[in-house]
$ cat protein-v4.txt   # compact mmCIF, C-alpha atoms
# COMPACT_ATOMS: atom_id res chain seq x y z
CA MET A 21 78.70 -7.57 -80.39
CA THR A 22 78.93 -11.36 -79.95
CA TYR A 23 81.30 -12.93 -77.44
CA THR A 24 82.78 -16.41 -77.48
CA GLY A 25 81.82 -17.20 -73.90
CA ASP A 26 85.22 -16.65 -72.31
CA SER A 27 85.94 -15.25 -68.85
CA ALA A 28 88.77 -13.67 -66.88
CA ALA A 29 89.75 -12.58 -63.39
CA VAL A 30 92.38 -9.92 -62.62
CA SER A 31 93.42 -8.22 -59.39
CA HIS A 32 95.89 -5.49 -58.43
CA VAL A 33 97.04 -4.11 -55.08
CA GLY A 34 96.79 -0.51 -56.34
CA LYS A 35 99.17 2.34 -55.57
CA VAL A 36 98.36 3.02 -51.91
CA ARG A 37 97.63 -0.25 -50.09
CA SER A 38 100.53 -2.39 -48.88
CA ASN A 39 98.71 -5.70 -49.46
CA ASN A 40 95.87 -7.01 -51.57
CA GLN A 41 92.75 -7.64 -49.49
CA ASP A 42 90.59 -8.49 -52.53
CA SER A 43 89.91 -11.98 -53.87
CA GLY A 44 88.45 -12.96 -57.23
CA TYR A 45 87.40 -16.16 -58.97
CA ALA A 46 86.45 -17.07 -62.53
CA GLY A 47 85.35 -20.69 -62.52
CA THR A 48 83.38 -23.16 -64.56
CA GLN A 49 79.89 -21.98 -63.69
CA LEU A 50 80.64 -19.56 -60.86
CA PHE A 51 82.21 -16.09 -60.70
CA VAL A 52 83.00 -14.28 -57.44
CA VAL A 53 84.52 -11.03 -56.16
CA ALA A 54 85.22 -10.43 -52.45
CA ASP A 55 86.61 -7.17 -51.03
CA GLY A 56 88.09 -7.67 -47.56
CA MET A 57 88.42 -5.11 -44.79
CA GLY A 58 89.81 -5.00 -41.29
CA GLY A 59 93.35 -3.74 -41.60
CA HIS A 60 96.62 -5.30 -42.68
CA ALA A 61 96.05 -8.52 -40.70
CA GLY A 62 92.37 -9.05 -41.41
CA GLY A 63 90.98 -8.03 -44.78
CA ASP A 64 93.02 -10.45 -46.85
CA VAL A 65 92.10 -13.33 -44.51
CA ALA A 66 88.41 -12.44 -44.63
CA SER A 67 88.12 -12.33 -48.42
CA ALA A 68 90.25 -15.46 -48.86
CA VAL A 69 88.31 -17.51 -46.30
CA ALA A 70 84.98 -16.42 -47.75
CA LEU A 71 85.92 -17.03 -51.37
CA ARG A 72 87.42 -20.47 -50.69
CA ARG A 73 84.19 -21.56 -49.05
CA ILE A 74 81.92 -20.04 -51.71
CA ILE A 75 83.71 -21.55 -54.70
CA GLU A 76 82.76 -24.98 -53.38
CA ALA A 77 79.40 -24.09 -54.92
CA ASP A 78 80.92 -24.10 -58.43
CA ILE A 79 78.90 -27.10 -59.66
CA ASP A 80 76.04 -27.74 -62.06
CA TYR A 81 72.51 -26.97 -60.82
CA PRO A 82 69.18 -28.14 -62.19
CA THR A 83 67.68 -24.65 -61.92
CA ALA A 84 68.86 -21.12 -61.32
CA GLU A 85 66.70 -20.97 -58.20
CA ASP A 86 68.65 -23.92 -56.80
CA ALA A 87 71.88 -22.10 -57.60
CA ALA A 88 70.68 -18.94 -55.82
CA ALA A 89 69.79 -20.96 -52.71
CA ALA A 90 73.16 -22.72 -52.83
CA LEU A 91 75.01 -19.42 -53.09
CA GLN A 92 73.13 -18.00 -50.13
CA THR A 93 73.92 -21.13 -48.09
CA ALA A 94 77.59 -20.96 -49.07
CA ILE A 95 77.82 -17.27 -48.10
CA ILE A 96 76.20 -17.90 -44.70
CA ALA A 97 78.61 -20.80 -44.18
CA ALA A 98 81.51 -18.51 -45.09
CA ASN A 99 80.27 -16.03 -42.51
CA SER A 100 80.35 -18.80 -39.87
CA GLN A 101 83.93 -19.61 -40.84
CA LEU A 102 84.89 -15.97 -40.41
CA ASN A 103 83.37 -16.02 -36.94
CA GLU A 104 85.37 -19.16 -36.14
CA ALA A 105 88.54 -17.46 -37.40
CA VAL A 106 87.98 -14.50 -35.07
CA PHE A 107 87.20 -16.88 -32.20
CA GLU A 108 90.53 -18.67 -32.73
CA HIS A 109 92.49 -15.50 -33.55
CA PRO A 110 91.11 -12.51 -31.60
CA GLU A 111 93.59 -10.25 -33.34
CA LEU A 112 91.34 -10.58 -36.42
CA THR A 113 88.40 -8.99 -34.60
CA GLY A 114 86.55 -6.61 -36.86
CA MET A 115 87.56 -8.19 -40.16
CA GLY A 116 84.93 -8.60 -42.83
CA THR A 117 84.36 -8.87 -46.56
CA THR A 118 81.91 -8.04 -49.28
CA VAL A 119 80.78 -10.78 -51.68
CA ASP A 120 79.33 -10.74 -55.16
CA ALA A 121 78.70 -14.12 -56.78
CA LEU A 122 77.18 -15.08 -60.12
CA ALA A 123 76.33 -18.67 -61.08
CA VAL A 124 75.39 -19.61 -64.66
CA VAL A 125 72.58 -22.09 -65.21
CA GLY A 126 71.60 -22.43 -68.86
CA ASP A 127 70.13 -19.15 -70.07
CA GLN A 128 69.81 -17.78 -66.54
CA VAL A 129 72.16 -16.50 -63.86
CA ALA A 130 71.78 -16.66 -60.09
CA ILE A 131 73.22 -13.69 -58.20
CA ALA A 132 74.11 -13.29 -54.51
CA HIS A 133 75.28 -9.95 -53.15
CA ILE A 134 76.30 -8.33 -49.86
CA GLY A 135 78.37 -5.16 -49.43
CA ASP A 136 79.48 -2.53 -51.95
CA SER A 137 81.20 -4.60 -54.61
CA ARG A 138 79.11 -4.53 -57.76
CA ILE A 139 77.75 -6.59 -60.65
CA TYR A 140 77.13 -4.87 -63.99
CA LEU A 141 75.49 -6.14 -67.17
CA LEU A 142 76.42 -4.87 -70.63
CA ARG A 143 73.59 -5.68 -73.04
CA ASP A 144 72.78 -4.05 -76.39
CA ASN A 145 75.51 -1.45 -75.75
CA GLU A 146 73.86 -0.36 -72.49
CA LEU A 147 75.55 -0.76 -69.10
CA THR A 148 73.29 -1.51 -66.12
CA GLN A 149 74.25 -1.80 -62.47
CA ILE A 150 72.48 -4.94 -61.27
CA THR A 151 73.30 -4.88 -57.55
CA THR A 152 72.51 -2.15 -55.04
CA ASP A 153 75.27 -1.03 -52.67
CA HIS A 154 74.68 -1.85 -49.02
CA THR A 155 76.14 1.49 -47.95
CA PHE A 156 75.07 4.41 -45.82
CA VAL A 157 75.15 6.84 -48.73
CA GLN A 158 73.05 4.50 -50.89
CA ARG A 159 70.41 4.60 -48.15
CA LEU A 160 70.57 8.40 -48.34
CA VAL A 161 70.19 8.27 -52.12
CA ASP A 162 67.26 5.88 -51.88
CA ALA A 163 65.64 8.18 -49.31
CA GLY A 164 66.11 11.17 -51.63
CA ARG A 165 68.39 12.96 -49.17
CA ILE A 166 71.34 13.21 -51.58
CA THR A 167 71.95 12.70 -55.29
CA GLU A 168 74.08 10.03 -56.98
CA GLU A 169 76.67 12.72 -57.73
CA GLU A 170 76.79 13.80 -54.08
CA ALA A 171 77.15 10.16 -53.01
CA MET A 172 80.35 9.85 -55.06
CA VAL A 173 82.12 12.45 -52.89
CA HIS A 174 80.25 11.95 -49.60
CA PRO A 175 82.64 11.69 -46.60
CA ARG A 176 80.90 8.46 -45.50
CA ARG A 177 80.65 6.80 -48.89
CA SER A 178 82.66 3.80 -47.58
CA VAL A 179 80.40 3.07 -44.60
CA LEU A 180 78.91 -0.39 -45.16
CA MET A 181 75.59 -1.40 -43.65
CA LYS A 182 75.84 -5.10 -44.56
CA VAL A 183 78.95 -7.24 -44.71
CA LEU A 184 80.24 -10.72 -43.91
CA GLY A 185 82.28 -10.98 -40.71
CA ASP A 186 82.09 -11.25 -36.94
CA VAL A 187 79.60 -8.37 -36.73
CA ASP A 188 76.52 -10.42 -37.64
CA GLN A 189 75.76 -14.10 -37.08
CA ALA A 190 73.02 -14.14 -39.75
CA PRO A 191 73.75 -11.52 -42.42
CA GLU A 192 71.09 -10.68 -45.01
CA VAL A 193 72.20 -11.63 -48.51
CA ASP A 194 70.47 -10.28 -51.61
CA THR A 195 69.71 -12.99 -54.18
CA MET A 196 68.06 -12.83 -57.58
CA VAL A 197 67.62 -14.84 -60.77
CA LEU A 198 67.91 -13.09 -64.14
CA GLU A 199 67.72 -14.10 -67.78
CA THR A 200 70.89 -13.91 -69.84
CA ARG A 201 71.64 -14.43 -73.51
CA PRO A 202 74.54 -14.65 -75.95
CA GLY A 203 76.20 -11.27 -76.33
CA ASP A 204 75.75 -10.30 -72.69
CA ARG A 205 78.92 -9.27 -70.88
CA TRP A 206 78.87 -9.52 -67.07
CA LEU A 207 81.27 -7.54 -64.89
CA LEU A 208 81.90 -8.19 -61.20
CA CYS A 209 84.20 -5.72 -59.47
CA SER A 210 85.32 -4.37 -56.11
CA ASP A 211 84.85 -0.68 -55.33
CA GLY A 212 88.48 -0.18 -56.27
CA LEU A 213 87.12 0.06 -59.81
CA SER A 214 83.59 1.47 -59.40
CA GLY A 215 84.76 4.12 -56.94
CA VAL A 216 87.53 5.38 -59.24
CA VAL A 217 86.48 4.85 -62.87
CA ASP A 218 83.16 6.33 -64.00
CA ASN A 219 80.46 4.26 -65.67
CA ASP A 220 80.94 5.90 -69.09
CA LEU A 221 84.56 4.76 -69.28
CA ILE A 222 83.69 1.30 -67.94
CA ARG A 223 81.02 0.96 -70.63
CA ALA A 224 83.35 2.15 -73.39
CA THR A 225 85.99 -0.35 -72.30
CA LEU A 226 83.53 -3.22 -72.20
CA LEU A 227 82.48 -2.24 -75.74
CA SER A 228 86.05 -1.97 -77.01
CA GLY A 229 86.04 -5.37 -78.74
CA LEU A 230 88.82 -6.73 -76.53
CA ASN A 231 88.53 -10.17 -74.97
CA ALA A 232 87.64 -10.61 -71.31
CA TYR A 233 91.21 -10.68 -70.00
CA GLN A 234 92.29 -7.68 -72.07
CA VAL A 235 89.30 -5.68 -70.83
CA GLY A 236 90.15 -6.57 -67.23
CA GLN A 237 93.74 -5.45 -67.68
CA ARG A 238 92.68 -2.19 -69.33
CA LEU A 239 90.24 -1.38 -66.53
CA VAL A 240 92.99 -2.01 -63.97
CA LYS A 241 95.24 0.37 -65.92
CA TYR A 242 92.56 3.08 -65.75
CA THR A 243 92.44 2.77 -61.96
CA LEU A 244 96.24 3.03 -61.79
CA ASP A 245 96.15 6.12 -64.02
CA ARG A 246 93.79 7.67 -61.45
CA GLY A 247 95.94 6.88 -58.45
CA ALA A 248 94.40 3.48 -57.54
CA PRO A 249 93.79 4.34 -53.84
CA ASP A 250 92.36 0.86 -53.17
CA ASN A 251 92.84 -2.73 -54.29
CA VAL A 252 90.98 -3.45 -57.51
CA THR A 253 89.57 -6.82 -58.60
CA ILE A 254 87.67 -7.49 -61.80
CA VAL A 255 85.91 -10.63 -63.02
CA ILE A 256 84.35 -10.73 -66.48
CA TYR A 257 82.08 -13.37 -67.99
CA ASP A 258 81.01 -13.22 -71.62
CA VAL A 259 77.89 -15.15 -72.58
CA GLY A 260 78.36 -17.05 -75.83
CA ASP A 261 76.64 -19.83 -77.71
CA ASP A 262 79.47 -22.17 -76.79
CA ARG A 263 81.23 -21.64 -73.47
CA PRO A 264 84.72 -23.15 -73.50
CA ARG A 265 85.59 -25.20 -70.44
CA THR A 266 88.56 -23.35 -68.99
CA GLU A 267 90.51 -23.98 -65.81
CA PRO A 268 89.20 -21.94 -62.85
CA VAL A 269 91.29 -18.89 -62.00
CA THR A 270 91.73 -17.46 -58.50
CA VAL A 271 93.33 -14.03 -57.98
CA GLY A 272 94.11 -11.75 -55.06
CA SER A 273 94.60 -12.87 -51.47
CA ALA A 274 92.75 -16.17 -52.00
CA SER A 275 95.43 -17.24 -54.50
CA LYS A 276 98.07 -17.25 -51.74
CA PRO A 277 98.48 -19.30 -48.55
CA LEU A 278 96.51 -18.01 -45.56
CA ALA A 279 98.49 -16.15 -42.93
CA PHE A 280 96.49 -18.03 -40.25
CA GLU A 281 95.76 -21.72 -39.97
CA LEU A 282 92.10 -22.28 -39.26
CA SER A 283 91.10 -25.43 -37.39
CA ALA A 284 87.79 -27.22 -37.60
CA PRO A 285 84.89 -25.51 -35.79
CA ARG A 286 84.80 -26.15 -32.06
CA ARG A 287 81.81 -25.91 -29.78
CA THR A 288 82.10 -25.89 -26.01
CA SER A 289 78.74 -24.42 -25.18
CA ILE A 290 75.06 -25.02 -25.84
CA LEU A 291 75.00 -21.48 -27.21
CA PRO A 292 76.70 -22.04 -30.58
CA THR A 293 76.63 -18.40 -31.71
CA LEU A 294 78.11 -16.93 -28.53
CA ARG A 295 81.60 -15.49 -28.91
CA LEU A 296 83.43 -14.39 -25.74
CA HIS A 297 86.71 -12.75 -26.64
CA GLY A 298 89.40 -12.22 -24.06
CA GLY A 299 90.09 -8.88 -22.48
CA ARG A 300 92.82 -8.11 -24.96
CA SER A 301 91.95 -6.52 -28.23
CA ALA A 302 94.34 -6.18 -31.09
CA PRO A 303 94.10 -3.33 -33.54
CA SER A 304 91.93 -4.38 -36.40
CA GLY A 305 92.76 -1.50 -38.68
CA PRO A 306 90.26 0.66 -40.52
CA SER A 307 86.92 -0.99 -41.18
CA HIS A 308 84.13 0.55 -43.20
CA PHE A 309 81.33 -1.30 -41.40
CA GLU A 310 78.93 0.54 -39.12
CA PRO A 311 75.93 -0.87 -37.20
CA GLU A 312 72.49 -0.49 -38.69
CA SER A 313 69.91 1.46 -36.72
CA GLU A 314 67.58 4.36 -37.33
CA ASP A 315 69.18 6.35 -34.48
CA TYR A 316 72.54 5.79 -36.08
CA TYR A 317 71.27 7.11 -39.44
CA GLY A 318 69.90 10.20 -37.74
CA GLU A 319 73.14 10.81 -35.87
CA LEU A 320 75.23 10.49 -39.02
CA ILE A 321 72.91 12.74 -41.00
CA GLU A 322 72.98 15.36 -38.27
CA GLU A 323 76.76 15.03 -37.99
CA ASP A 324 77.12 15.58 -41.73
CA ALA A 325 74.80 18.59 -41.50
CA ARG A 326 76.89 20.03 -38.68
CA ARG A 327 80.03 19.44 -40.71
CA VAL A 328 78.55 21.30 -43.67
CA ARG A 329 77.47 24.18 -41.41
CA ARG A 330 80.92 24.35 -39.80
CA ARG A 331 82.58 24.29 -43.20
CA ARG A 332 80.36 27.09 -44.49
CA LEU A 333 80.95 29.14 -41.33
CA THR A 334 84.70 28.61 -41.59
CA TRP A 335 84.73 29.66 -45.24
CA SER A 336 82.51 32.66 -44.49
CA VAL A 337 84.68 33.83 -41.59
CA GLY A 338 87.80 33.22 -43.64
CA ALA A 339 86.39 35.20 -46.56
CA ILE A 340 85.44 38.08 -44.26
CA VAL A 341 88.91 38.09 -42.71
CA VAL A 342 90.55 38.12 -46.14
CA VAL A 343 88.28 40.93 -47.36
CA LEU A 344 88.96 42.98 -44.22
CA ALA A 345 92.70 42.38 -44.52
CA ILE A 346 92.65 43.49 -48.16
CA ALA A 347 90.55 46.53 -47.28
CA LEU A 348 92.81 47.46 -44.37
CA GLY A 349 95.94 46.96 -46.46
CA SER A 350 94.47 49.07 -49.24
CA LEU A 351 93.52 51.83 -46.80
CA VAL A 352 97.01 51.89 -45.28
CA ALA A 353 98.61 51.91 -48.72
CA TYR A 354 96.34 54.70 -49.96
CA SER A 355 97.01 56.75 -46.84
CA TRP A 356 100.71 56.45 -47.46
CA THR A 357 100.37 57.63 -51.05
CA GLN A 358 98.44 60.70 -49.92
CA SER A 359 101.33 61.71 -47.65
CA ARG A 360 103.48 62.21 -50.73
CA TYR A 361 103.57 65.22 -53.12
CA PHE A 362 105.21 66.20 -56.37
CA VAL A 363 105.65 69.36 -58.45
CA ARG A 364 104.73 69.18 -62.11
CA ALA A 365 103.47 71.29 -64.97
CA SER A 366 99.74 71.88 -65.22
CA PRO A 367 97.78 69.83 -67.79
CA ASP A 368 97.89 72.75 -70.23
CA LYS A 369 101.68 73.13 -69.70
CA GLN A 370 101.26 76.78 -68.70
CA THR A 371 101.96 76.90 -64.93
CA VAL A 372 103.65 74.99 -62.11
CA MET A 373 101.34 72.95 -59.88
CA ILE A 374 101.61 70.96 -56.66
CA TYR A 375 100.04 67.49 -56.76
CA GLN A 376 99.17 65.32 -53.76
CA GLY A 377 99.83 61.54 -53.99
CA VAL A 378 102.09 59.45 -56.21
CA GLN A 379 102.28 59.39 -59.97
CA GLN A 380 101.30 55.71 -60.40
CA ASP A 381 97.75 54.64 -61.19
CA LEU A 382 95.91 51.41 -60.37
CA GLY A 383 94.04 50.81 -63.59
CA PRO A 384 91.35 53.47 -63.83
CA ILE A 385 92.07 54.67 -60.27
CA SER A 386 94.41 57.66 -60.03
CA LEU A 387 96.56 57.87 -56.92
CA SER A 388 97.15 61.64 -57.22
CA HIS A 389 95.17 64.84 -57.59
CA GLU A 390 95.82 68.57 -58.03
CA TYR A 391 96.62 70.25 -54.71
CA SER A 392 97.26 73.86 -55.79
CA ASP A 393 98.26 75.98 -58.74
CA THR A 394 101.32 78.07 -57.82
CA GLY A 395 100.78 80.64 -60.60
CA ILE A 396 104.42 80.35 -61.69
CA GLU A 397 104.54 80.47 -65.49
CA LEU A 398 106.62 77.74 -67.12
CA SER A 399 107.76 80.14 -69.80
CA LYS A 400 109.57 82.25 -67.18
CA LEU A 401 111.73 79.31 -66.01
CA SER A 402 115.09 78.41 -67.47
CA ALA A 403 115.18 75.59 -69.96
CA TYR A 404 116.71 73.27 -67.33
CA ASP A 405 114.12 74.09 -64.61
CA ARG A 406 111.27 73.91 -67.11
CA ASN A 407 112.41 70.45 -68.20
CA GLN A 408 112.60 69.29 -64.55
CA VAL A 409 109.07 70.52 -63.83
CA GLU A 410 107.66 68.87 -66.94
CA ARG A 411 109.20 65.58 -65.86
CA SER A 412 107.95 66.24 -62.26
CA ILE A 413 109.90 66.78 -59.05
CA GLY A 414 109.06 64.46 -56.15
CA ALA A 415 108.61 65.59 -52.53
CA ASP A 416 108.24 63.57 -49.32
CA SER A 417 105.94 66.14 -47.71
CA LEU A 418 103.87 69.23 -48.42
CA ASP A 419 106.52 71.46 -46.82
CA GLU A 420 109.18 70.03 -49.11
CA ALA A 421 106.91 70.60 -52.14
CA LYS A 422 106.34 74.23 -51.08
CA ALA A 423 110.08 74.70 -50.66
CA ILE A 424 110.61 73.47 -54.23
CA VAL A 425 107.98 75.89 -55.46
CA GLU A 426 109.57 78.86 -53.62
CA ARG A 427 112.94 78.00 -55.16
CA LEU A 428 111.37 77.90 -58.63
CA ARG A 429 109.57 81.21 -57.96
CA THR A 430 112.86 82.87 -56.99
CA LEU A 431 114.62 81.47 -60.06
CA SER A 432 111.82 82.67 -62.35
CA ARG A 433 112.19 86.21 -60.95
CA GLU A 434 115.95 86.20 -61.34
CA SER A 435 115.71 85.01 -64.93
CA ASN A 436 113.50 87.96 -65.68
$ encode --input "protein-v4.txt" --output "structure tokens"
Amino acid sequence: MTYTGDSAAVSHVGKVRSNNQDSGYAGTQLFVVADGMGGHAGGDVASAVALRRIIEADIDYPTAEDAAAALQTAIIAANSQLNEAVFEHPELTGMGTTVDALAVVGDQVAIAHIGDSRIYLLRDNELTQITTDHTFVQRLVDAGRITEEEAMVHPRRSVLMKVLGDVDQAPEVDTMVLETRPGDRWLLCSDGLSGVVDNDLIRATLLSGLNAYQVGQRLVKYTLDRGAPDNVTIVIYDVGDDRPRTEPVTVGSASKPLAFELSAPRRTSILPTLRLHGGRSAPSGPSHFEPESEDYYGELIEEDARRVRRRRLTWSVGAIVVVLAIALGSLVAYSWTQSRYFVRASPDKQTVMIYQGVQQDLGPISLSHEYSDTGIELSKLSAYDRNQVERSIGADSLDEAKAIVERLRTLSRESN
């Protein structure tokens, strides 16, 4: 399939979040997705601040290597701005953002990546994930501790190990340079898409023949159909022989005015990276960043193992309790049935018999059995009594059943 070289950026708040903390950009040579975190008052600011700084790098470069270096510099500069924002507004403490950026230079692309947003490449009908998630579960997958399928449902699948924000003064950014060619379709997306829609459906949609904007809208619809628990942002770039010069498009939180005015950086100390926040701390909301350390990995792995053991023990105990309850209930019910009796004709319809139990059966299990044969011949009973016996006469106890039998015995003698 050949594309005309168009691009698109779309973003949606989803069905659960109250505000959109994602930002997206489809520019002239640069394409960016940023997924903010840090609660209602932080995530949108983080992604917007970062994206606005990074899109300053949307210029022509002599080489893709130059573009990759420029993207890395822009991302580090964005990180410094986020630190400044937290310094000026302590209530933003803990905010952060992922960043995925792709710059086009001739027949190459420069990529910069940090966090768990993703870049995919569709080429020759095959979809390939280009970036590697900077997440705790991805580390477990890489270490062979869990499978890709287990990572999708892991309770800590949102724990980020690398992110822009006030948690790291010098974050490590992955950069790479790759070849590209006409017909390639590049997809940048937040985990609001990759965490909800599977790769097979993403690939099928990218292959649907729709233009970039239509594909973005359809992918957003698929997330909404699946509940859209997170913001979703999608940027698509189609490589064509002739790339039309379109106006840059910004979506998400970066397309709106910032909730906080950020002043120029201030330095009052010879230690430029030192940040001393006041004693007050405002709630920063849920953040999926955790510090990186081997001890921390071990603790989380052991915690997950304990959780699995507790879950298995709980299910085992629960199953045992249910089985015991069913067994006890069945025993009580069966005991009750065996306290009942009834009088009925023998199987050969010749004599009157006393049966212990009730006349109902549970599938192949009979709840009654022959107690005694009274020896009273059915033929010696009146037509009415014989009909009653054939239909069976219930008794609440053995004594009552014996009383019924004695009455029938007396009636049989009188009739003769």
$ closest_residue --input "protein-v4.txt" --among "A:Arg143, A:His133, A:His154, A:His174" --to "Asp194 (chain A)" --atoms "all atoms listed in the file"
A:His133
$ residues_around --input "protein-v4.txt" --residues "Gly272 (chain A)" --least-positions-apart "3" --cutoff "7 Å" --atoms "all atoms listed in the file" --output "VMD selection string"
chain A and resid 31 40 42 to 44 275
$ write_last_selection --input "protein-v4.txt" --atoms "C-alpha atoms" --output "short mmCIF file (atom, residue, chain, number, x, y, z; two decimals), in the frame of the given file"
data_model
loop_
_atom_site.label_atom_id
_atom_site.label_comp_id
_atom_site.auth_asym_id
_atom_site.auth_seq_id
_atom_site.Cartn_x
_atom_site.Cartn_y
_atom_site.Cartn_z
CA SER A 31 93.42 -8.22 -59.39
CA ASN A 40 95.87 -7.01 -51.57
CA ASP A 42 90.59 -8.49 -52.53
CA SER A 43 89.91 -11.98 -53.87
CA GLY A 44 88.45 -12.96 -57.23
CA SER A 275 95.43 -17.24 -54.50
#
$ closest_residue --input "protein-v4.txt" --among "A:Asn219, A:Thr93, A:Asn99, A:Thr266" --to "Asp186 (chain A)" --atoms "only C-alpha atoms"
A:Asn99
$ residues_near_point --input "protein-v4.txt" --point "(98.9, 63.5, -54.4)" --cutoff "10 Å" --atoms "all atoms listed in the file" --output "list in words"
Thr357, Gln358, Ser359, Arg360, Tyr361, Phe362, Val363, Ile374, Tyr375, Gln376, Gly377, Val378, Gln379, Ser386, Leu387, Ser388, His389, Glu390, Tyr391 and Leu418 of chain A
$ atom_distance --input "protein-v4.txt" --atom1 "CA of Arg72 (chain A)" --atom2 "CA of Val124 (chain A)"
18.5 Å
$ residues_around --input "protein-v4.txt" --residues "region 168-172 of chain A" --least-positions-apart "6" --cutoff "9 Å" --atoms "only C-alpha atoms" --output "compact mmCIF listing (two decimals) with C-alpha atoms, in the coordinates of the input"
# COMPACT_ATOMS: atom_id res chain seq x y z
CA VAL A 157 75.15 6.84 -48.73
CA GLN A 158 73.05 4.50 -50.89
CA LEU A 160 70.57 8.40 -48.34
CA VAL A 161 70.19 8.27 -52.12
CA GLY A 215 84.76 4.12 -56.94
$ closest_atom_pairs --input "protein-v4.txt" --of "region 177-231 of chain A" --to "region 49-56 of chain A" --cutoff "9 Å" --atoms "only C-alpha atoms" --output "CSV"
residue,atom,partner,partner_atom,distance
A:Leu208,CA,A:Val53,CA,6.4
A:Cys209,CA,A:Val53,CA,6.3
A:Ser210,CA,A:Asp55,CA,5.9
A:Asp211,CA,A:Asp55,CA,8.0
A:Gly212,CA,A:Asp55,CA,8.9
$ closest_residue --input "protein-v4.txt" --among "A:Arg205, A:Lys369, A:Arg159, A:Arg332" --to "Leu227 (chain A)" --atoms "only C-alpha atoms"
A:Arg205
$ closest_residue --input "protein-v4.txt" --among "A:Thr243, A:Thr155, A:Gln234, A:Thr200" --to "Val179 (chain A)" --atoms "only C-alpha atoms"
A:Thr155
$ residues_around --input "protein-v4.txt" --residues "Glu146 (chain A)" --least-positions-apart "5" --cutoff "10 Å" --atoms "all atoms listed in the file" --output "ChimeraX atom specification"
/A:141,223-224,227
$ atom_distance --input "protein-v4.txt" --atom1 "CA of Asp26 (chain A)" --atom2 "CA of Val197 (chain A)"
21.1 Å
$ closest_residue --input "protein-v4.txt" --among "A:Pro268, A:Gly164, A:Pro110, A:Pro277" --to "Ala46 (chain A)" --atoms "all atoms listed in the file"
A:Pro268
$ closest_residue --input "protein-v4.txt" --among "A:Gly62, A:Pro202, A:Gly47, A:Gly383" --to "Val106 (chain A)" --atoms "all atoms listed in the file"
A:Gly62
$ atom_distance --input "protein-v4.txt" --atom1 "CA of Ala66 (chain A)" --atom2 "CA of Ala105 (chain A)"
8.8 Å
$ axis_aligned_box --input "protein-v4.txt" --around "region 194-200 of chain A" --padding-each-side "6 Å" --output "AutoDock Vina command-line options"
--center_x 69.3 --center_y -12.6 --center_z -60.7 --size_x 15.3 --size_y 16.6 --size_z 30.2
